[in-house]
Amino acid sequence: MLLLLLYACGQPIAKSRTSPLDYAELSRNDGWYLRVHGDGSGSLTHRQYPHHHLEYPLQTFDLARVRAVAVPCHTTVDTGSCYHLTYYRSAADRILTCSCAPSAPLDEAMTTAIANMQTAVDNPSSERSCRMLRRVWLASR
């Protein structure tokens, strides 16, 4: 039994590509602002309604997908449908900025935020924020 325990302790530690301290900030020209943390939590707000925001629970988002866009930072020409992306990497204490990141992979994070709005409601004020932000989202579509 002791040998088995020693063998298990000698194995390399699996490293995650993202740390819980990492985060990404996504913003678009239409006013939406999404912040995704390394633990999968996040927050959503709109520029016109800064007092209305939603806080998402752990494991709602996948920061690894956002990181895949931030690291190479291939900018697009179409500035109307791109995101301004800022990614903080805690292991290197570095901020990566992409002024016009391609929208397709980041739209998935925004869609997840909109689809999971109800999971972010935990009190009456967040219920109001949820209704307000949902109205803004539907009006923009």
# chains A, B, ... in the order shown; residues from 1 in each chain; ligands from 1
$ select_by_dssp --residues "chain A" --states "strand (DSSP E)" --output "PDB file with C-alpha atoms, in the first residue's frame"
ATOM      1  CA  TYR A  23      -9.289  36.646 -16.756  1.00  0.00           C
ATOM      2  CA  ALA A  24     -10.468  37.988 -20.093  1.00  0.00           C
ATOM      3  CA  GLU A  25     -12.448  41.127 -20.855  1.00  0.00           C
ATOM      4  CA  LEU A  26     -14.521  41.212 -24.032  1.00  0.00           C
ATOM      5  CA  SER A  27     -16.197  44.357 -25.281  1.00  0.00           C
ATOM      6  CA  ARG A  28     -17.924  45.262 -28.526  1.00  0.00           C
ATOM      7  CA  TRP A  32     -21.736  44.836 -24.242  1.00  0.00           C
ATOM      8  CA  TYR A  33     -18.960  44.054 -21.773  1.00  0.00           C
ATOM      9  CA  LEU A  34     -18.227  40.518 -20.561  1.00  0.00           C
ATOM     10  CA  ARG A  35     -15.531  39.546 -18.098  1.00  0.00           C
ATOM     11  CA  VAL A  36     -14.638  35.845 -17.809  1.00  0.00           C
ATOM     12  CA  HIS A  37     -12.508  34.523 -14.940  1.00  0.00           C
ATOM     13  CA  GLY A  42     -17.950  35.982 -15.048  1.00  0.00           C
ATOM     14  CA  SER A  43     -19.886  39.232 -15.169  1.00  0.00           C
ATOM     15  CA  LEU A  44     -21.941  40.931 -17.857  1.00  0.00           C
ATOM     16  CA  THR A  45     -22.962  44.562 -18.233  1.00  0.00           C
ATOM     17  CA  HIS A  46     -23.839  47.104 -20.901  1.00  0.00           C
ATOM     18  CA  TYR A  49     -26.650  50.662 -18.068  1.00  0.00           C
ATOM     19  CA  PRO A  50     -23.562  50.436 -15.840  1.00  0.00           C
ATOM     20  CA  HIS A  51     -25.611  49.891 -12.673  1.00  0.00           C
ATOM     21  CA  HIS A  52     -27.181  46.756 -14.133  1.00  0.00           C
ATOM     22  CA  HIS A  53     -24.812  43.820 -14.136  1.00  0.00           C
ATOM     23  CA  LEU A  54     -24.981  40.073 -13.651  1.00  0.00           C
ATOM     24  CA  GLU A  55     -22.486  37.867 -11.829  1.00  0.00           C
ATOM     25  CA  TYR A  56     -22.267  34.301 -13.162  1.00  0.00           C
ATOM     26  CA  TYR A  83     -14.329  42.335 -30.090  1.00  0.00           C
ATOM     27  CA  HIS A  84     -11.789  44.310 -28.121  1.00  0.00           C
ATOM     28  CA  LEU A  85     -10.170  41.545 -26.089  1.00  0.00           C
ATOM     29  CA  THR A  86      -7.911  41.900 -23.067  1.00  0.00           C
ATOM     30  CA  TYR A  87      -6.474  38.748 -21.487  1.00  0.00           C
ATOM     31  CA  TYR A  88      -4.547  38.722 -18.212  1.00  0.00           C
ATOM     32  CA  ARG A  89      -2.217  35.767 -17.744  1.00  0.00           C
ATOM     33  CA  ARG A  94       1.171  39.835 -18.543  1.00  0.00           C
ATOM     34  CA  ILE A  95      -1.738  41.483 -20.266  1.00  0.00           C
ATOM     35  CA  LEU A  96      -2.409  40.551 -23.881  1.00  0.00           C
ATOM     36  CA  THR A  97      -4.538  42.999 -25.839  1.00  0.00           C
ATOM     37  CA  CYS A  98      -6.218  42.387 -29.155  1.00  0.00           C
ATOM     38  CA  SER A  99      -7.909  45.463 -30.593  1.00  0.00           C
ATOM     39  CA  CYS A 100     -10.094  43.630 -33.107  1.00  0.00           C
ATOM     40  CA  ALA A 101     -10.323  39.929 -32.324  1.00  0.00           C
TER      41      ALA A 101
END
$ closest_residue --among "A:Asp30, A:Pro102, A:Asn123, A:Gln118" --to "Ala139 in chain A" --atoms "only C-alpha atoms"
A:Asp30
$ residues_around --residues "Ala109 in chain A" --least-positions-apart "5" --cutoff "9 Å" --atoms "only C-alpha atoms" --output "PyMOL selection string"
chain A and resi 34+36+61-63+65-66+114
$ closest_residue --among "A:Leu21, A:Ala64, A:Val136, A:Leu58" --to "Ala91 in chain A" --atoms "only C-alpha atoms"
A:Leu21
$ atom_distance --atom1 "CA of Ala120 in chain A" --atom2 "CA of Pro57 in chain A"
6.7 Å
$ select_by_dssp --residues "range 79-114 of chain A" --states "alpha helix (DSSP H)" --output "list in words"
Ser103, Ala104, Pro105, Leu106, Asp107, Glu108, Ala109, Met110, Thr111, Thr112, Ala113 and Ile114 of chain A
$ write_last_selection --atoms "C-alpha atoms" --output "PDB file, in the first residue's frame"
ATOM      1  CA  SER A 103     -15.959  37.504 -33.417  1.00  0.00           C
ATOM      2  CA  ALA A 104     -16.902  33.877 -34.152  1.00  0.00           C
ATOM      3  CA  PRO A 105     -15.154  32.222 -31.163  1.00  0.00           C
ATOM      4  CA  LEU A 106     -16.029  35.064 -28.789  1.00  0.00           C
ATOM      5  CA  ASP A 107     -19.676  35.133 -29.846  1.00  0.00           C
ATOM      6  CA  GLU A 108     -19.933  31.734 -28.154  1.00  0.00           C
ATOM      7  CA  ALA A 109     -18.959  33.254 -24.788  1.00  0.00           C
ATOM      8  CA  MET A 110     -21.477  36.073 -25.251  1.00  0.00           C
ATOM      9  CA  THR A 111     -24.198  33.599 -26.267  1.00  0.00           C
ATOM     10  CA  THR A 112     -23.433  31.548 -23.148  1.00  0.00           C
ATOM     11  CA  ALA A 113     -23.820  34.697 -21.040  1.00  0.00           C
ATOM     12  CA  ILE A 114     -27.193  35.521 -22.577  1.00  0.00           C
TER      13      ILE A 114
END
$ atom_distance --atom1 "CA of Asp22 in chain A" --atom2 "CA of Gly38 in chain A"
4.9 Å
$ atom_distance --atom1 "CA of Arg47 in chain A" --atom2 "CA of Gly31 in chain A"
4.8 Å
$ closest_residue --among "A:Ser41, A:Thr60, A:Asn29, A:Met117" --to "Ser140 in chain A" --atoms "only C-alpha atoms"
A:Asn29
